[in-house]
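The structure appears right after this line, and notes come after that.
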Amino acid sequence: MLGRVGRLVVIEGLDGAGKRTLADALTGALNAAGASVASIAFPRYGESVHADLVKEALHRGHGDLIDSVYGMALLYALDRRGAADEIRARLGDHDVVLLDRYVASNAAYGAARLHQGADGEFVRWLREQEIDRFGLPVPAAHLLLRVTADVAADRAQRRAASDADRARDSFETDDSLQKRCSVVYDELAAAGWLAPWHVLDGVAGVDTAALAAELLRV
Ligand SMILES: Cc1cn([C@H]2C[C@H](O)[C@@H](COP(=O)(O)OP(=O)(O)O)O2)c(=O)[nH]c1=O
């Protein structure tokens with residue numbers, strides 16, 4: 001423990017970008033630099049009723065629910081709201097709290113589903129709900145793990161073939177959604193939406209030691 005309030009760092013990117021692998025490697029690099037790390041992945045499947053409703057909709061195709069972009073977005077947001085106290089507690093006793101997806105996932109996927117951009121009505125509405133109304137902690141930084149939608153789809157497909165727990169959901173198998181989502185992520189990063197964004201090349205690989213040093217410096 002470095003003796004200060006922890007930094008909230010969020011990993012974002014397409015399904016199959018490799019966020020989990022990056023989270024593990026970055027945790028190792030942060031630990032090696034002397035920093036303590038707590039991790040939380042959203043949606044919290046199996047831990048929150050809201051996340052489980054999302055999972056049912058995505059995997060079993062509850063059409064009426066999944067068709068409601070705003071309804072789905074509120075379920076993701078309520079899952080996070082239920083974790084807000086835990087995030088604050090972890091920020092109090094860790095140097096870094098590393099989140100695998102957060103509010104920006106909702107912004108990117110929701111806007112992409114509605115064929116809007118990062119400056120559209122949906123993203124504005126979402127920020128009002130999650131940040132202003134629910135009072136979720138604002139991140140210190142986003143890490144956008146960037147791969148093309150084709151690379152992400154290929155990786156997600158391989159992962160699903162070797163691990164039954166990682167079966168692809170209906171967002172993952174929608175190639176045109178993933179492509180639009182990738183565009184919205186780039187726009188969010190360029191706008192510095194909610195917090196500064198570090199854009200990382202998910203194909204070339206990430207120098208996690210350098211990234212850890214940078215995250216601990218600011
Ligand atoms: C956390 C979050 C995820 N999503 C989407 C992104 C994914 O396509 C989908 C499921 O999340 P995902 O990270 O793929 O969960 P897992 O890998 O554990 O199955 O939900 C949102 O639309 N909004 C959100 O707030």
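Note on naming: chains are A, B, ... as they come in the structure tokens, residues start from 1 per chain, ligands start from 1 in the order shown.
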**OP:** Compile the contact shell of region 103-113 of chain A as a list in words: residues with an atom at most 7 Å away, counting only C-alpha atoms, same-chain residues fewer than 3 positions apart removed.
**Re:**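 The contact residues come out as Glu12, Val69, Ala73, Gln116, Gly117, Ala118, Phe122, Val123, Leu126, Leu177, Arg180, Cys181, Val184 and Tyr185 of chain A.
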Original post:
If we count only C-alpha atoms, what is near Lys55 (chain A) at a cut-off of 10 Å, once residues fewer than 5 positions away on the same chain are taken out, given as a list in words?
Top reply: Pro43, Arg44, Tyr45, Gly46, Val49, His50, Arg60, Gly61, His62 and Asp169 of chain A
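Minimum atom-to-atom distance to Ala204 (chain A), evaluated using only C-alpha atoms, belongs to A:Ala17 out of A:Leu8, A:Ala17, A:Ile131, A:Ala77.
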**OP:** Compare A:Leu144, A:Leu26, A:Ala149, A:Val5 by their minimum atom-to-atom distance to Leu91 (chain A), counting only C-alpha atoms, and give me the closest one.
**Re:**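 Comparing A:Leu144, A:Leu26, A:Ala149, A:Val5 against Leu91 (chain A), the winner is A:Val5.
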Original post:
Would you give me, as a PyMOL selection string, the residues in region 181-211 of chain A that DSSP reads as strand (DSSP E or B)?
Top reply: chain A and resi 197-201
**OP:** Write out as a PyMOL selection string the residues lying within 8 Å of region 196-201 of chain A, counting only C-alpha atoms and excluding same-chain residues fewer than 3 positions away.
**Re:** chain A and resi 140-147+189-190+192-193+204-206
With C-alpha atoms kept, could you save the residues just selected as a PDB file, in the first residue's frame?
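Listed below is the output, again.pdb:
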```pdb
ATOM      1  CA  ALA A 140      -9.126   8.107 -13.084  1.00  0.00           C
ATOM      2  CA  ALA A 141      -8.322   6.512 -16.443  1.00  0.00           C
ATOM      3  CA  HIS A 142      -9.674   4.272 -19.190  1.00  0.00           C
ATOM      4  CA  LEU A 143      -7.525   1.776 -21.068  1.00  0.00           C
ATOM      5  CA  LEU A 144      -8.998   1.074 -24.508  1.00  0.00           C
ATOM      6  CA  LEU A 145      -7.662  -2.274 -25.693  1.00  0.00           C
ATOM      7  CA  ARG A 146      -8.013  -1.721 -29.399  1.00  0.00           C
ATOM      8  CA  VAL A 147      -8.283  -4.521 -31.969  1.00  0.00           C
ATOM      9  CA  ALA A 189     -11.407   7.935 -26.362  1.00  0.00           C
ATOM     10  CA  ALA A 190     -10.814  10.905 -28.675  1.00  0.00           C
ATOM     11  CA  GLY A 192     -11.669  11.946 -23.302  1.00  0.00           C
ATOM     12  CA  TRP A 193     -15.163  10.956 -22.200  1.00  0.00           C
ATOM     13  CA  ALA A 204       0.992  -5.706 -31.128  1.00  0.00           C
ATOM     14  CA  GLY A 205       0.757  -6.362 -27.399  1.00  0.00           C
ATOM     15  CA  VAL A 206       1.016  -4.045 -24.414  1.00  0.00           C
TER      16      VAL A 206
END
```
**OP:** Kindly indicate which residue among A:Arg133, A:Arg155, A:Arg90, A:His59 lies nearest to Leu78 (chain A), using only C-alpha atoms for the distances.
**Re:**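 Checking each candidate against Leu78 (chain A), we get A:Arg133 as the closest.
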**OP:** If you run DSSP over the backbone, which residues in region 4-205 of chain A end up alpha helix (DSSP H)? Put them as an NGL selection string.
**Re:** :A and (19-32 or 49-60 or 63-67 or 69-81 or 84-93 or 103-113 or 121-127 or 149-162 or 175-191)
9 Å contact set for Asp150 (chain A), only C-alpha atoms, chain neighbours under 6 positions out, as an mmCIF file with N, CA and C atoms, in the first residue's frame:
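Result file follows (part18.cif):
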```
data_model
loop_
_atom_site.group_PDB
_atom_site.id
_atom_site.type_symbol
_atom_site.label_atom_id
_atom_site.label_comp_id
_atom_site.auth_asym_id
_atom_site.auth_seq_id
_atom_site.Cartn_x
_atom_site.Cartn_y
_atom_site.Cartn_z
ATOM 1 N N ASP A 175 -21.790 -9.013 -35.834
ATOM 2 C CA ASP A 175 -20.576 -8.383 -36.368
ATOM 3 C C ASP A 175 -20.753 -6.894 -36.642
ATOM 4 N N GLN A 178 -20.567 -4.967 -33.430
ATOM 5 C CA GLN A 178 -19.181 -4.855 -32.925
ATOM 6 C C GLN A 178 -18.412 -3.775 -33.704
ATOM 7 N N LYS A 179 -18.648 -3.707 -35.016
ATOM 8 C CA LYS A 179 -17.942 -2.691 -35.824
ATOM 9 C C LYS A 179 -18.373 -1.283 -35.409
#
```
**OP:** Have a look at CA of Trp125 (chain A) and CA of Ser48 (chain A) and let me know their distance in Å, one decimal.
**Re:**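 According to the coordinates, CA of Trp125 (chain A) and CA of Ser48 (chain A) are separated by 23.4 Å.
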Original post:
Between CA of Ile87 (chain A) and CA of Arg127 (chain A), what is the distance, to one decimal in Å?
Top reply: 18.1 Å
Original post:
Mind pulling up the distance from atom 17 (O, counted along the ligand's line) of ligand 1 to CA of Val9 (chain A)?
Top reply: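 These two atoms are separated by 18.1 Å.
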